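Colleague: Okay, here's the structure, questions in a sec.
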Amino acid sequence: MEKGHTKQKSMASSSTVMKAENGQSSSSSSSSSKKRGRQATTILAPHQPKERSPLTIATLRLVREKAEKRGKRTSLAVSVRHFDNTDINYDWLLPGWVAEERYVPSGRKGLGRIYKYYYDPTGHMYYSKREVLFAWKKMNIICLDP
């Protein structure tokens, strides 16, 4: 029984030696890991700028103008990203239509909610993909089977 106890001690001392060789002390390594844990982690991948169609650019301009008229109502923590039909998750959108994702963090670390909105070329906002499809049916753009 005593041999197992000494084996654990030797393993602990070898890890301390390895840390000392790397220039770390046991107390600083735990505090540095805590500091690393407090760093902000990116939940959403950064949006890469890319070539957008003229219709998409016009729609985005309308959306931004309407947002400026309403005033700044969003928090600084909210991140907003725009997508068009060239993005893989939104390839079902028609040209000129834009999807907007707003990531709203909650009080707990790493948790939050993504709200999705859709804009037509006139700048009108829709709250779901279902609303967009019904609007297309109403405008006789597409035909939905029941």
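Ligands are numbered from 1 in the order shown, residues from 1 within each chain, and chains are lettered A, B, ... in the order they appear in the structure tokens.
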Counting only C-alpha atoms, what is within 12 Å of Ile142 (chain A), bar same-chain residues fewer than 3 positions away, as a compact mmCIF listing (two decimals) with all heavy atoms, in the first residue's frame?
Modeller:
# COMPACT_ATOMS: atom_id res chain seq x y z
N TRP A 92 -31.91 28.93 -50.76
CA TRP A 92 -33.31 28.88 -51.18
C TRP A 92 -33.89 30.28 -51.42
O TRP A 92 -34.95 30.41 -52.02
CB TRP A 92 -34.15 28.14 -50.13
CG TRP A 92 -34.09 28.75 -48.76
CD1 TRP A 92 -33.18 28.48 -47.79
CD2 TRP A 92 -34.97 29.76 -48.24
NE1 TRP A 92 -33.43 29.26 -46.68
CE2 TRP A 92 -34.52 30.04 -46.93
CE3 TRP A 92 -36.06 30.43 -48.74
CZ2 TRP A 92 -35.15 30.98 -46.12
CZ3 TRP A 92 -36.69 31.36 -47.94
CH2 TRP A 92 -36.24 31.63 -46.64
N LEU A 93 -33.19 31.33 -50.96
CA LEU A 93 -33.68 32.69 -51.15
C LEU A 93 -33.59 33.11 -52.62
O LEU A 93 -32.70 32.68 -53.35
CB LEU A 93 -32.85 33.68 -50.32
CG LEU A 93 -33.11 33.72 -48.82
CD1 LEU A 93 -32.07 34.58 -48.13
CD2 LEU A 93 -34.50 34.23 -48.53
N LEU A 94 -34.50 33.96 -53.02
CA LEU A 94 -34.45 34.52 -54.38
C LEU A 94 -33.43 35.65 -54.43
O LEU A 94 -33.10 36.24 -53.40
CB LEU A 94 -35.84 35.05 -54.75
CG LEU A 94 -36.94 34.02 -54.92
CD1 LEU A 94 -38.27 34.70 -55.15
CD2 LEU A 94 -36.62 33.07 -56.06
N VAL A 132 -41.98 33.99 -45.61
CA VAL A 132 -41.37 34.31 -46.90
C VAL A 132 -42.01 33.47 -47.99
O VAL A 132 -42.39 34.00 -49.06
CB VAL A 132 -39.84 34.09 -46.86
CG1 VAL A 132 -39.24 34.20 -48.24
CG2 VAL A 132 -39.19 35.07 -45.91
N LEU A 133 -42.17 32.17 -47.75
CA LEU A 133 -42.76 31.30 -48.77
C LEU A 133 -44.21 31.68 -49.06
O LEU A 133 -44.64 31.66 -50.22
CB LEU A 133 -42.66 29.84 -48.32
CG LEU A 133 -41.23 29.30 -48.20
CD1 LEU A 133 -41.24 27.89 -47.65
CD2 LEU A 133 -40.52 29.35 -49.54
N PHE A 134 -44.97 32.06 -48.03
CA PHE A 134 -46.36 32.49 -48.25
C PHE A 134 -46.41 33.81 -49.01
O PHE A 134 -47.29 34.03 -49.84
CB PHE A 134 -47.13 32.58 -46.95
CG PHE A 134 -47.60 31.25 -46.43
CD1 PHE A 134 -47.28 30.85 -45.15
CD2 PHE A 134 -48.35 30.40 -47.21
CE1 PHE A 134 -47.70 29.62 -44.66
CE2 PHE A 134 -48.78 29.17 -46.75
CZ PHE A 134 -48.45 28.78 -45.47
N ALA A 135 -45.46 34.70 -48.74
CA ALA A 135 -45.41 35.97 -49.48
C ALA A 135 -45.10 35.70 -50.95
O ALA A 135 -45.68 36.33 -51.84
CB ALA A 135 -44.36 36.89 -48.88
N TRP A 136 -44.20 34.75 -51.21
CA TRP A 136 -43.89 34.41 -52.60
C TRP A 136 -45.11 33.82 -53.30
O TRP A 136 -45.37 34.10 -54.46
CB TRP A 136 -42.74 33.42 -52.66
CG TRP A 136 -41.40 34.00 -52.31
CD1 TRP A 136 -41.10 35.32 -52.14
CD2 TRP A 136 -40.20 33.29 -52.08
NE1 TRP A 136 -39.77 35.46 -51.81
CE2 TRP A 136 -39.19 34.24 -51.78
CE3 TRP A 136 -39.86 31.95 -52.09
CZ2 TRP A 136 -37.89 33.87 -51.50
CZ3 TRP A 136 -38.55 31.58 -51.82
CH2 TRP A 136 -37.58 32.54 -51.53
N LYS A 137 -45.87 33.01 -52.57
CA LYS A 137 -47.09 32.43 -53.16
C LYS A 137 -48.11 33.52 -53.44
O LYS A 137 -48.74 33.53 -54.51
CB LYS A 137 -47.68 31.39 -52.21
CG LYS A 137 -48.88 30.69 -52.77
CD LYS A 137 -49.40 29.64 -51.81
CE LYS A 137 -50.62 28.97 -52.41
NZ LYS A 137 -51.18 27.96 -51.51
N LYS A 138 -48.25 34.47 -52.52
CA LYS A 138 -49.20 35.57 -52.69
C LYS A 138 -48.82 36.46 -53.86
O LYS A 138 -49.67 36.99 -54.57
CB LYS A 138 -49.26 36.39 -51.40
CG LYS A 138 -50.36 37.38 -51.32
CD LYS A 138 -50.38 38.02 -49.96
CE LYS A 138 -51.48 39.05 -49.87
NZ LYS A 138 -51.50 39.71 -48.55
N MET A 139 -47.50 36.64 -54.10
CA MET A 139 -47.01 37.46 -55.20
C MET A 139 -46.94 36.68 -56.52
O MET A 139 -46.48 37.21 -57.52
CB MET A 139 -45.60 37.97 -54.89
CG MET A 139 -45.51 38.91 -53.74
SD MET A 139 -43.78 39.33 -53.48
CE MET A 139 -43.75 39.66 -51.75
N ASP A 145 -47.30 23.49 -53.00
CA ASP A 145 -48.26 22.38 -52.99
C ASP A 145 -48.75 22.17 -51.58
O ASP A 145 -47.98 22.20 -50.63
CB ASP A 145 -47.59 21.11 -53.50
CG ASP A 145 -47.20 21.23 -54.98
OD1 ASP A 145 -47.93 21.93 -55.71
OD2 ASP A 145 -46.20 20.62 -55.38
Colleague: In Å, rounded to a single decimal, give me how far CA of Tyr103 (chain A) is from CA of Ala58 (chain A).
Modeller: 23.6 Å
Colleague: Grab the CA of Thr59 (chain A) to CA of Tyr119 (chain A) distance for me, in Å with one decimal place.
Modeller: 7.4 Å
